Structure formats: C-alpha cells, structure tokens
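Containing PDB, C-alpha atoms: upload.pdb.
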```
ATOM      1  CA  MET A   1      -1.694  -5.860   1.954
ATOM      2  CA  ALA A   2      -2.787  -6.044   5.587
ATOM      3  CA  VAL A   3      -6.492  -6.534   4.888
ATOM      4  CA  ALA A   4      -6.634 -10.310   5.389
ATOM      5  CA  LEU A   5      -4.971  -9.890   8.774
ATOM      6  CA  LEU A   6      -7.270  -7.107   9.904
ATOM      7  CA  VAL A   7     -10.491  -8.986   9.199
ATOM      8  CA  THR A   8      -9.451 -11.767  11.552
ATOM      9  CA  LEU A   9      -9.389  -9.280  14.417
ATOM     10  CA  LEU A  10     -13.151  -8.916  14.137
ATOM     11  CA  ALA A  11     -13.730 -12.584  14.949
ATOM     12  CA  ILE A  12     -11.116 -13.755  17.463
ATOM     13  CA  PRO A  13     -11.461 -13.821  21.287
ATOM     14  CA  VAL A  14     -10.559 -10.746  23.344
ATOM     15  CA  GLY A  15      -7.620 -12.529  24.955
ATOM     16  CA  THR A  16      -6.146 -13.327  21.572
ATOM     17  CA  VAL A  17      -6.511  -9.705  20.484
ATOM     18  CA  ALA A  18      -4.489  -8.663  23.532
ATOM     19  CA  TRP A  19      -1.831 -11.214  22.592
ATOM     20  CA  ALA A  20      -1.747  -9.956  19.007
ATOM     21  CA  ASP A  21      -1.552  -6.328  20.155
ATOM     22  CA  GLY A  22       1.598  -7.189  22.084
ATOM     23  CA  ARG A  23       3.171  -8.661  18.955
ATOM     24  CA  LEU A  24       2.635  -5.611  16.749
ATOM     25  CA  ASN A  25       5.862  -4.223  15.329
ATOM     26  CA  ASN A  26       5.375  -0.566  16.324
ATOM     27  CA  LYS A  27       8.848   0.564  15.290
ATOM     28  CA  VAL A  28       8.030   3.406  12.903
ATOM     29  CA  ASP A  29       8.536   6.819  14.491
ATOM     30  CA  LEU A  30       6.498   9.510  12.745
ATOM     31  CA  GLY A  31       7.268  12.103  15.414
ATOM     32  CA  THR A  32       6.629  12.786  19.070
ATOM     33  CA  PRO A  33       3.072  11.698  19.998
ATOM     34  CA  GLY A  34       0.763  14.687  20.442
ATOM     35  CA  GLN A  35       3.294  17.122  18.961
ATOM     36  CA  ARG A  36       2.867  16.441  15.235
ATOM     37  CA  HIS A  37       1.000  19.306  13.579
ATOM     38  CA  HIS A  38      -2.244  17.891  12.227
ATOM     39  CA  THR A  39      -3.912  19.744   9.369
ATOM     40  CA  GLY A  40      -7.259  18.966   7.837
ATOM     41  CA  LYS A  41     -10.221  16.858   8.897
ATOM     42  CA  GLY A  42     -10.850  13.124   8.942
ATOM     43  CA  THR A  43      -8.250  10.351   9.315
ATOM     44  CA  ASN A  44      -5.553   9.374   6.830
ATOM     45  CA  TYR A  45      -3.864   5.982   6.640
ATOM     46  CA  LEU A  46      -0.885   5.122   4.447
ATOM     47  CA  LEU A  47      -0.937   1.462   3.353
ATOM     48  CA  VAL A  48       2.433   0.341   2.002
ATOM     49  CA  GLY A  49       3.441  -2.894   0.341
ATOM     50  CA  SER A  50       7.224  -3.169   0.577
ATOM     51  CA  ASP A  51       9.674  -5.460  -1.174
ATOM     52  CA  SER A  52      11.169  -6.581   2.148
ATOM     53  CA  ARG A  53      12.538 -10.121   1.856
ATOM     54  CA  ASP A  54      12.462 -10.668   5.630
ATOM     55  CA  GLY A  55      11.117 -14.123   6.438
ATOM     56  CA  LEU A  56      11.950 -15.600   3.005
ATOM     57  CA  THR A  57      14.500 -18.366   2.434
ATOM     58  CA  ASP A  58      16.898 -18.194  -0.524
ATOM     59  CA  ARG A  59      14.757 -20.788  -2.308
ATOM     60  CA  GLU A  60      11.581 -18.779  -1.691
ATOM     61  CA  LYS A  61      13.263 -15.622  -3.021
ATOM     62  CA  GLU A  62      14.120 -17.537  -6.192
ATOM     63  CA  ASP A  63      10.660 -19.070  -6.556
ATOM     64  CA  LEU A  64       8.924 -15.716  -5.985
ATOM     65  CA  HIS A  65      11.275 -13.811  -8.345
ATOM     66  CA  THR A  66      11.983 -11.241  -5.634
ATOM     67  CA  GLY A  67      15.704 -10.937  -6.216
ATOM     68  CA  SER A  68      18.071 -10.775  -3.262
ATOM     69  CA  ALA A  69      18.513  -7.035  -2.711
ATOM     70  CA  GLY A  70      18.964  -6.019   0.906
ATOM     71  CA  GLY A  71      16.796  -3.576   2.823
ATOM     72  CA  ARG A  72      13.319  -2.751   1.580
ATOM     73  CA  ARG A  73      11.650  -0.424  -0.897
ATOM     74  CA  THR A  74       8.063   0.573  -1.582
ATOM     75  CA  ASP A  75       6.259  -1.653  -4.065
ATOM     76  CA  SER A  76       2.771  -0.154  -3.630
ATOM     77  CA  MET A  77       1.294   2.824  -1.770
ATOM     78  CA  ILE A  78      -2.351   3.571  -1.049
ATOM     79  CA  LEU A  79      -3.642   6.622   0.794
ATOM     80  CA  LEU A  80      -6.881   5.821   2.632
ATOM     81  CA  HIS A  81      -8.998   8.747   3.838
ATOM     82  CA  THR A  82     -11.999   8.322   6.127
ATOM     83  CA  GLY A  83     -14.353  10.986   7.434
ATOM     84  CA  SER A  84     -17.794  12.549   7.214
ATOM     85  CA  GLY A  85     -17.223  13.280   3.517
ATOM     86  CA  GLY A  86     -16.905   9.580   2.746
ATOM     87  CA  THR A  87     -14.081   7.095   2.332
ATOM     88  CA  THR A  88     -11.564   7.306  -0.510
ATOM     89  CA  MET A  89      -8.609   5.107  -1.465
ATOM     90  CA  VAL A  90      -6.014   6.852  -3.625
ATOM     91  CA  SER A  91      -3.224   4.846  -5.261
ATOM     92  CA  LEU A  92       0.083   6.718  -5.395
ATOM     93  CA  PRO A  93       2.376   5.405  -8.185
ATOM     94  CA  ARG A  94       5.830   4.662  -6.810
ATOM     95  CA  ASP A  95       7.404   6.464  -9.793
ATOM     96  CA  SER A  96       5.535   9.714  -9.037
ATOM     97  CA  TRP A  97       7.822  12.724  -9.728
ATOM     98  CA  LEU A  98       7.612  14.809  -6.554
ATOM     99  CA  THR A  99       9.628  17.101  -4.309
ATOM    100  CA  ILE A 100      11.427  15.310  -1.497
ATOM    101  CA  PRO A 101      11.697  17.811   1.386
ATOM    102  CA  ALA A 102      14.999  18.725   3.033
ATOM    103  CA  TYR A 103      16.481  15.996   5.204
ATOM    104  CA  THR A 104      19.584  14.884   7.066
ATOM    105  CA  SER A 105      21.013  11.593   5.857
ATOM    106  CA  PRO A 106      20.887   8.983   8.660
ATOM    107  CA  MET A 107      23.970   7.350   7.123
ATOM    108  CA  THR A 108      26.300  10.343   6.718
ATOM    109  CA  GLY A 109      24.726  13.099   8.822
ATOM    110  CA  LYS A 110      24.892  15.387   5.760
ATOM    111  CA  ARG A 111      22.076  17.906   5.241
ATOM    112  CA  HIS A 112      20.299  17.810   1.869
ATOM    113  CA  GLY A 113      17.972  20.479   0.501
ATOM    114  CA  PRO A 114      14.618  19.853  -1.215
ATOM    115  CA  ALA A 115      14.985  18.023  -4.540
ATOM    116  CA  LYS A 116      12.867  16.371  -7.210
ATOM    117  CA  ASN A 117      12.870  12.568  -7.266
ATOM    118  CA  LYS A 118      10.611   9.552  -7.598
ATOM    119  CA  LEU A 119       8.355   8.851  -4.643
ATOM    120  CA  ASN A 120       9.888   5.466  -3.869
ATOM    121  CA  ALA A 121      13.295   7.161  -3.547
ATOM    122  CA  ALA A 122      11.990   8.847  -0.389
ATOM    123  CA  PHE A 123      11.632   5.463   1.281
ATOM    124  CA  ALA A 124      15.103   4.395   0.134
ATOM    125  CA  LEU A 125      16.631   7.635   1.494
ATOM    126  CA  GLY A 126      14.956   7.771   4.886
ATOM    127  CA  GLY A 127      12.530   4.889   5.383
ATOM    128  CA  PRO A 128       8.874   5.245   6.392
ATOM    129  CA  LYS A 129       9.298   8.620   8.085
ATOM    130  CA  MET A 130      10.797  10.201   4.958
ATOM    131  CA  LEU A 131       8.103   8.607   2.812
ATOM    132  CA  VAL A 132       5.389  10.041   5.054
ATOM    133  CA  ASN A 133       7.075  13.464   5.125
ATOM    134  CA  THR A 134       7.249  13.481   1.319
ATOM    135  CA  ILE A 135       3.582  12.558   0.881
ATOM    136  CA  GLU A 136       2.533  15.160   3.450
ATOM    137  CA  HIS A 137       4.723  17.802   1.764
ATOM    138  CA  ASN A 138       3.213  17.159  -1.678
ATOM    139  CA  THR A 139      -0.428  16.704  -0.663
ATOM    140  CA  GLY A 140      -0.933  19.016   2.318
ATOM    141  CA  LEU A 141      -2.450  16.101   4.240
ATOM    142  CA  THR A 142      -1.363  14.655   7.583
ATOM    143  CA  ILE A 143      -0.752  10.899   7.696
ATOM    144  CA  ASP A 144      -2.212   9.633  10.968
ATOM    145  CA  HIS A 145      -1.357   5.926  10.657
ATOM    146  CA  TYR A 146       1.291   3.944   8.757
ATOM    147  CA  VAL A 147       0.803   0.256   7.897
ATOM    148  CA  GLU A 148       3.331  -1.805   5.917
ATOM    149  CA  VAL A 149       3.532  -5.481   4.939
ATOM    150  CA  GLY A 150       6.413  -7.225   3.152
ATOM    151  CA  PHE A 151       6.566  -9.975   0.523
ATOM    152  CA  ALA A 152       6.540 -12.869   3.001
ATOM    153  CA  GLY A 153       3.579 -11.517   4.923
ATOM    154  CA  PHE A 154       1.616 -10.910   1.720
ATOM    155  CA  VAL A 155       2.195 -14.438   0.384
ATOM    156  CA  ASN A 156       1.398 -16.072   3.719
ATOM    157  CA  LEU A 157      -1.767 -14.007   4.185
ATOM    158  CA  VAL A 158      -3.148 -14.976   0.785
ATOM    159  CA  ASP A 159      -2.372 -18.645   1.397
ATOM    160  CA  ALA A 160      -3.880 -18.484   4.895
ATOM    161  CA  VAL A 161      -7.282 -17.412   3.529
ATOM    162  CA  GLY A 162      -7.201 -20.172   0.915
ATOM    163  CA  GLY A 163      -6.208 -18.047  -2.064
ATOM    164  CA  VAL A 164      -8.063 -15.207  -3.768
ATOM    165  CA  PRO A 165     -10.449 -15.664  -6.750
ATOM    166  CA  MET A 166      -9.645 -13.354  -9.676
ATOM    167  CA  CYS A 167     -10.958 -13.040 -13.227
ATOM    168  CA  LEU A 168      -8.387 -11.878 -15.775
ATOM    169  CA  GLU A 169      -9.300 -10.298 -19.104
ATOM    170  CA  ARG A 170      -6.103 -11.524 -20.812
ATOM    171  CA  ASP A 171      -3.031 -13.684 -20.355
ATOM    172  CA  LEU A 172      -0.325 -12.122 -18.171
ATOM    173  CA  ILE A 173       3.232 -13.344 -18.643
ATOM    174  CA  ASP A 174       6.049 -11.347 -17.069
ATOM    175  CA  LYS A 175       9.485 -12.856 -16.416
ATOM    176  CA  LYS A 176      10.561 -10.145 -13.963
ATOM    177  CA  SER A 177       7.679 -10.655 -11.532
ATOM    178  CA  GLY A 178       7.232 -14.346 -12.346
ATOM    179  CA  ALA A 179       3.636 -13.838 -13.505
ATOM    180  CA  ASP A 180       2.385 -16.697 -15.704
ATOM    181  CA  LEU A 181      -1.383 -16.306 -15.587
ATOM    182  CA  ARG A 182      -4.042 -17.210 -18.130
ATOM    183  CA  LYS A 183      -7.172 -15.383 -19.182
ATOM    184  CA  GLY A 184     -10.273 -16.336 -17.223
ATOM    185  CA  CYS A 185     -11.403 -16.900 -13.639
ATOM    186  CA  GLN A 186      -9.081 -18.698 -11.216
ATOM    187  CA  THR A 187      -7.948 -18.725  -7.592
ATOM    188  CA  LEU A 188      -4.511 -17.182  -7.046
ATOM    189  CA  ASP A 189      -2.309 -18.599  -4.305
ATOM    190  CA  GLY A 190       0.183 -16.385  -2.493
ATOM    191  CA  SER A 191       2.947 -16.776  -5.067
ATOM    192  CA  ALA A 192       0.695 -16.081  -8.065
ATOM    193  CA  ALA A 193      -0.980 -13.170  -6.258
ATOM    194  CA  LEU A 194       2.366 -11.517  -5.511
ATOM    195  CA  ALA A 195       3.390 -11.850  -9.163
ATOM    196  CA  PHE A 196       0.053 -10.357 -10.267
ATOM    197  CA  VAL A 197       0.224  -7.238  -8.075
ATOM    198  CA  ARG A 198       3.909  -6.649  -8.888
ATOM    199  CA  GLN A 199       3.879  -7.025 -12.685
ATOM    200  CA  ARG A 200       3.695  -3.869 -14.775
ATOM    201  CA  HIS A 201       5.641  -4.630 -17.970
ATOM    202  CA  GLN A 202       2.523  -6.133 -19.557
ATOM    203  CA  GLU A 203       0.466  -3.050 -18.691
ATOM    204  CA  ALA A 204      -0.022  -0.408 -21.381
ATOM    205  CA  LYS A 205       0.082   2.297 -18.695
ATOM    206  CA  GLY A 206       2.917   0.750 -16.702
ATOM    207  CA  ASP A 207       2.810   1.805 -13.068
ATOM    208  CA  LEU A 208      -0.755   3.141 -13.400
ATOM    209  CA  GLY A 209      -1.895  -0.213 -14.752
ATOM    210  CA  ARG A 210      -0.260  -1.938 -11.816
ATOM    211  CA  THR A 211      -1.982   0.300  -9.269
ATOM    212  CA  ARG A 212      -5.345  -0.548 -10.832
ATOM    213  CA  ASN A 213      -4.507  -4.259 -10.566
ATOM    214  CA  GLN A 214      -3.568  -3.746  -6.922
ATOM    215  CA  GLN A 215      -6.909  -2.053  -6.221
ATOM    216  CA  LYS A 216      -8.742  -4.883  -8.001
ATOM    217  CA  PHE A 217      -6.866  -7.491  -5.992
ATOM    218  CA  LEU A 218      -7.409  -5.619  -2.720
ATOM    219  CA  SER A 219     -11.157  -5.698  -3.335
ATOM    220  CA  ALA A 220     -11.079  -9.446  -3.981
ATOM    221  CA  LEU A 221      -8.873 -10.058  -0.939
ATOM    222  CA  ALA A 222     -11.173  -8.083   1.355
ATOM    223  CA  HIS A 223     -14.164 -10.064   0.082
ATOM    224  CA  ARG A 224     -12.349 -13.381   0.525
ATOM    225  CA  ALA A 225     -11.092 -12.531   4.006
ATOM    226  CA  GLY A 226     -14.590 -11.541   5.117
ATOM    227  CA  ALA A 227     -16.307 -14.618   3.675
ATOM    228  CA  PRO A 228     -17.992 -17.041   6.135
ATOM    229  CA  GLY A 229     -15.623 -19.822   5.072
ATOM    230  CA  THR A 230     -12.734 -17.783   6.451
ATOM    231  CA  MET A 231     -14.424 -16.028   9.359
ATOM    232  CA  LEU A 232     -15.875 -19.257  10.777
ATOM    233  CA  ASN A 233     -12.739 -21.340  10.300
ATOM    234  CA  PRO A 234     -10.523 -21.066  13.430
ATOM    235  CA  TYR A 235      -7.525 -22.546  11.609
ATOM    236  CA  ALA A 236      -7.775 -19.979   8.796
ATOM    237  CA  LEU A 237      -8.237 -17.130  11.290
ATOM    238  CA  TYR A 238      -5.181 -17.965  13.370
ATOM    239  CA  SER A 239      -3.085 -18.803  10.302
ATOM    240  CA  ALA A 240      -3.838 -15.400   8.788
ATOM    241  CA  LEU A 241      -3.142 -13.650  12.075
ATOM    242  CA  ASN A 242       0.210 -15.388  12.546
ATOM    243  CA  ALA A 243       1.185 -14.810   8.922
ATOM    244  CA  GLY A 244       0.410 -11.101   9.050
ATOM    245  CA  LEU A 245       2.017 -10.282  12.377
ATOM    246  CA  ASP A 246       5.343 -11.715  11.230
ATOM    247  CA  THR A 247       5.970  -8.922   8.726
ATOM    248  CA  LEU A 248       3.434  -6.210   9.590
ATOM    249  CA  VAL A 249       5.079  -2.865  10.454
ATOM    250  CA  VAL A 250       3.113   0.057  11.917
ATOM    251  CA  ASP A 251       3.864   3.394  13.550
ATOM    252  CA  ARG A 252       4.124   3.830  17.316
ATOM    253  CA  ASP A 253       0.656   5.354  17.645
ATOM    254  CA  THR A 254      -1.166   2.578  15.769
ATOM    255  CA  GLY A 255      -2.811  -0.259  17.701
ATOM    256  CA  LEU A 256      -5.153  -3.095  16.809
ATOM    257  CA  LEU A 257      -8.254  -0.939  17.182
ATOM    258  CA  ASP A 258      -6.820   1.477  14.610
ATOM    259  CA  LEU A 259      -6.161  -1.455  12.279
ATOM    260  CA  VAL A 260      -9.696  -2.741  12.721
ATOM    261  CA  SER A 261     -11.075   0.714  11.881
ATOM    262  CA  MET A 262      -8.875   0.775   8.810
ATOM    263  CA  PHE A 263     -10.075  -2.646   7.694
ATOM    264  CA  ARG A 264     -13.705  -1.643   8.056
ATOM    265  CA  ALA A 265     -13.030   1.419   5.907
ATOM    266  CA  VAL A 266     -11.274  -0.684   3.243
ATOM    267  CA  GLN A 267     -14.063  -3.239   3.352
ATOM    268  CA  GLY A 268     -16.599  -0.460   2.830
ATOM    269  CA  VAL A 269     -14.763   0.997  -0.171
ATOM    270  CA  THR A 270     -14.192  -2.380  -1.827
ATOM    271  CA  GLY A 271     -17.869  -3.140  -1.212
ATOM    272  CA  GLY A 272     -18.915  -0.042  -3.145
ATOM    273  CA  ARG A 273     -19.330   2.384  -0.235
ATOM    274  CA  GLY A 274     -16.573   4.780  -1.198
ATOM    275  CA  ARG A 275     -14.161   5.487  -4.040
ATOM    276  CA  GLN A 276     -11.008   3.811  -5.358
ATOM    277  CA  ILE A 277      -9.013   6.109  -7.645
ATOM    278  CA  ASN A 278      -5.521   6.828  -8.902
ATOM    279  CA  VAL A 279      -3.986  10.209  -8.221
ATOM    280  CA  PRO A 280      -4.667  12.454 -11.274
ATOM    281  CA  VAL A 281      -1.815  12.075 -13.754
ATOM    282  CA  ALA A 282      -0.654  14.182 -16.701
ATOM    283  CA  SER A 283       2.040  11.831 -18.052
ATOM    284  CA  VAL A 284       3.163   8.245 -17.366
ATOM    285  CA  GLY A 285       6.440   8.498 -19.284
ATOM    286  CA  PHE A 286       7.731  11.843 -18.108
ATOM    287  CA  PRO A 287      11.523  12.101 -18.793
ATOM    288  CA  THR A 288      13.629  13.053 -15.763
ATOM    289  CA  SER A 289      17.209  12.881 -14.559
ATOM    290  CA  LYS A 290      16.177   9.747 -12.655
ATOM    291  CA  GLY A 291      14.599   8.052 -15.668
ATOM    292  CA  SER A 292      10.996   7.821 -16.815
ATOM    293  CA  ALA A 293       8.536   8.957 -14.140
ATOM    294  CA  VAL A 294       4.834   9.590 -13.492
ATOM    295  CA  LEU A 295       3.921  13.291 -13.544
ATOM    296  CA  TRP A 296       0.850  14.297 -11.552
ATOM    297  CA  ASP A 297      -1.759  16.610 -13.060
ATOM    298  CA  GLY A 298      -1.098  19.601 -10.794
ATOM    299  CA  ALA A 299      -4.543  21.227 -10.934
ATOM    300  CA  ARG A 300      -6.568  18.041 -10.519
ATOM    301  CA  ALA A 301      -4.250  16.671  -7.842
ATOM    302  CA  ARG A 302      -4.560  19.883  -5.840
ATOM    303  CA  GLN A 303      -8.343  19.664  -6.119
ATOM    304  CA  LEU A 304      -8.331  16.042  -4.935
ATOM    305  CA  PHE A 305      -6.132  16.687  -1.920
ATOM    306  CA  SER A 306      -8.036  19.869  -1.058
ATOM    307  CA  GLU A 307     -11.269  17.867  -0.995
ATOM    308  CA  LEU A 308      -9.671  15.223   1.215
ATOM    309  CA  HIS A 309      -8.059  17.847   3.464
ATOM    310  CA  ASP A 310     -11.415  19.521   4.088
ATOM    311  CA  ASP A 311     -13.213  16.163   4.328
ATOM    312  CA  ARG A 312     -15.482  17.002   1.403
ATOM    313  CA  THR A 313     -16.966  14.550  -1.084
ATOM    314  CA  VAL A 314     -14.359  13.744  -3.735
ATOM    315  CA  ASN A 315     -15.445  14.855  -7.207
ATOM    316  CA  VAL A 316     -12.152  14.427  -9.073
ATOM    317  CA  LYS A 317     -12.317  11.738 -11.744
ATOM    318  CA  ASP A 318     -10.019   8.712 -11.725
ATOM    319  CA  GLY A 319      -6.494   9.810 -12.517
ATOM    320  CA  GLY A 320      -5.459   8.268 -15.808
ATOM    321  CA  SER A 321      -3.134  10.290 -18.055
ATOM    322  CA  ARG A 322      -4.704  12.547 -20.616
TER     323      ARG A 322
END
```
So, in terms of structure tokens, how does the structure I just supplied come out?
Amino acid sequence: MAVALLVTLLAIPVGTVAWADGRLNNKVDLGTPGQRHHTGKGTNYLLVGSDSRDGLTDREKEDLHTGSAGGRRTDSMILLHTGSGGTTMVSLPRDSWLTIPAYTSPMTGKRHGPAKNKLNAAFALGGPKMLVNTIEHNTGLTIDHYVEVGFAGFVNLVDAVGGVPMCLERDLIDKKSGADLRKGCQTLDGSAALAFVRQRHQEAKGDLGRTRNQQKFLSALAHRAGAPGTMLNPYALYSALNAGLDTLVVDRDTGLLDLVSMFRAVQGVTGGRGRQINVPVASVGFPTSKGSAVLWDGARARQLFSELHDDRTVNVKDGGSR
C-alpha cells in the first residue's frame, strides 16, 4: 500500500519532493502517452500490492512467510475512481474469473486469443500492462494511473510510521501467511501487518474476506500516516519516504503530484467521504478449469462500472456473494 508514502509528500520541503520525483520507478508502459483511447469521465487509479520479494534477504523471506518464488504476482488490487460523482474504492479479488484479452507472449512471441482465467493470471502472463488491459476489457473503464508496492516496501512503510493500530474481532492464526494475532486492539508492526492483509484461510469468504481486511487496514494506515505524530516527525517522514521509494512502481505518466492527488482521494474515502466496496459477486467458490474462482455478479457489476464510467454517484451495494 503506497498510502503511508504519499502522505509524507504533503509535508516535506519542495527540494526534497524534486529529489523524490527523480527516484520514482516509472518503468510501467501502459501505452504511448496521449495515444491511449480514454473512455468515460473522472480519473481511475489502479493500486496493486504485489508479492515481489525485491529488497528482502533470505532470512526476511523466511520470517515473513513469503516463500522464495521469483518474479512477482498480484496480492491485492484496488480500483480508485475520483470525479464529480464522488470517490469510490473498489476491491477486485485476485481470483476473479474474467476474460483475458488476446495477447502476444513476451517470452515466446506466440499469439494467444481471448480466454477465461483468474485475474491474477493476467499479471503473471504479461505484467502490469496485461493486468491493466484485462481490467479495462472487463469493466469498460480506462486506467489512468498504475501504482504498485511490493512486500519489502509495505513492511518498511508500516514500520516507518510506527506501526498501525488495529482492533480484531477474533483470533487470527494462519500458518501460510504467518498470521498469529489475538482478538482485541493492538498495534501491528510491518511483519504482522503483512500477515494480516495476506491471510485468507481463516476467512469464511476467502478472498472476499481478505479484501475487506485490506480495506480496513488501508483506512487505519491512512489515519496513522496523517496523524500529527507522523507528520511532524522529520525522522518518520523521511523514513517512510525512503522505504516507499525503494519498491514503489508506477507508470510512465505518473508523477508525485498524481500520487499526492491519489493519497488525498484515499484519505477522503477512508475518512468517510466516499465509498469502499467489493466488486459485486455471485459466487466465491465457482469451479473452473483453473480451480476455485470468484464469479462476478454480471448485472450488478455492469451497473457499478457504468456508474463509474459516467462519473455518477455509485448506488450498487457492497459486493458480497448472494
């Protein structure tokens, strides 16, 4: 989550902002600037938490229960829409069963036609650009900005702001994510926070339960990052900035001002001035050739994305399965 990094940009000197702008990893190519066909009104951001292990030592990988797989995959995806119709954050389950549009494999050069698959497979097949293309294809929206942070950046950001207070309604113990959390209010450090937002095996609704936890944590993180104790502490500000820039990945057209605008929108939603919802879902255990998947509710999903496309007030209810 890039929120803790973005809030620091509102409080640091202009010269430091220029320095940070030069360090942004603008390597994601979403298409030729000015030539991408934009449909709809308002601005759409795609916030991605990836399972990139870049920046982690072998010991840290073991301690954080990340495994040692190479490359990176999507671990969380949030579509943020801002405009005159309000601000809405929509969680997109990584196991969503969608159509991946036709593509040419960057590894083999072979052309593949459209095919059904899980949403996170799009990232594995063609990286951020394929992920964006797939979301655009299935929603009718245009993604204007892409922002991604990996495991190391997430852990360091949480630690840099002094941890994030969370109140849990029950014990959460999950060997795969490393979560070992007790019921009640506590402050999660980076390691515990990563385990919390990754675990889903203790959630009755699996991936949907995890996306709700991620939204809950994002709200708490935005509040913590914007608190006076963080904003007025130069050490915390620069620590968060350094931590975030190490693993933050954005598209070529995204600069610090875009990130600041995104943070302000997130801060508004988590402060109650906007909506946080899951995409409408018909089934969370839909059987497919790729295993169990999350099936969107076609009618309600179309309504949601039509409202966002036209920058109208969102009236679709939160997307739990029926």
With range 289-313 of chain A as the partner and 9 Å as the cut-off, tabulate the residues of range 72-179 of chain A that qualify, each row holding the nearest pair of atoms and their distance in Å to one decimal, using all atoms listed in the file, sorted by chain and rising number, as a tab-separated table.
```
residue	atom	partner	partner_atom	distance
A:His81	CA	A:Leu308	CA	7.0
A:Thr82	CA	A:Asp311	CA	8.1
A:Gly83	CA	A:Asp311	CA	6.1
A:Ser84	CA	A:Asp311	CA	6.5
A:Gly85	CA	A:Arg312	CA	4.6
A:Gly86	CA	A:Thr313	CA	6.3
A:Thr87	CA	A:Thr313	CA	8.7
A:Thr88	CA	A:Leu308	CA	8.3
A:Pro93	CA	A:Val294	CA	7.2
A:Arg94	CA	A:Val294	CA	8.4
A:Asp95	CA	A:Ala293	CA	5.1
A:Ser96	CA	A:Val294	CA	4.5
A:Trp97	CA	A:Leu295	CA	5.5
A:Leu98	CA	A:Leu295	CA	8.0
A:Asn117	CA	A:Lys290	CA	6.9
A:Lys118	CA	A:Ala293	CA	6.9
A:Thr139	CA	A:Phe305	CA	5.8
A:Gly140	CA	A:Phe305	CA	7.1
A:Leu141	CA	A:His309	CA	5.9
A:Thr142	CA	A:His309	CA	8.5
```
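Between CA of Gly255 in chain A and CA of Gly126 in chain A the interatomic distance comes to 23.3 Å.
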Can you pull out every residue within 8 Å of Thr211 in chain A, counting all atoms listed in the file, but drop anything in the same chain fewer than 6 positions away, and send it as a ChimeraX atom specification?
-> /A:76,91-93,197,278
Mind telling me what the PyMOL selection byres ((chain A and resi 275) around 8) catches here, as a ChimeraX atom specification?
-> /A:87-89,269,272-274,276-277
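Proximity to Val48 in chain A at 7 Å, evaluated using all atoms listed in the file and with sequence-adjacent residues fewer than 4 positions away removed, yields Thr74, Ser76, Met77, Ile78, Val147, Glu148 and Val149 of chain A.
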Written file, previous selection with C-alpha atoms, as a compact mmCIF listing (two decimals), in the coordinates of the input:
```
# COMPACT_ATOMS: atom_id res chain seq x y z
CA THR A 74 8.06 0.57 -1.58
CA SER A 76 2.77 -0.15 -3.63
CA MET A 77 1.29 2.82 -1.77
CA ILE A 78 -2.35 3.57 -1.05
CA VAL A 147 0.80 0.26 7.90
CA GLU A 148 3.33 -1.80 5.92
CA VAL A 149 3.53 -5.48 4.94
```
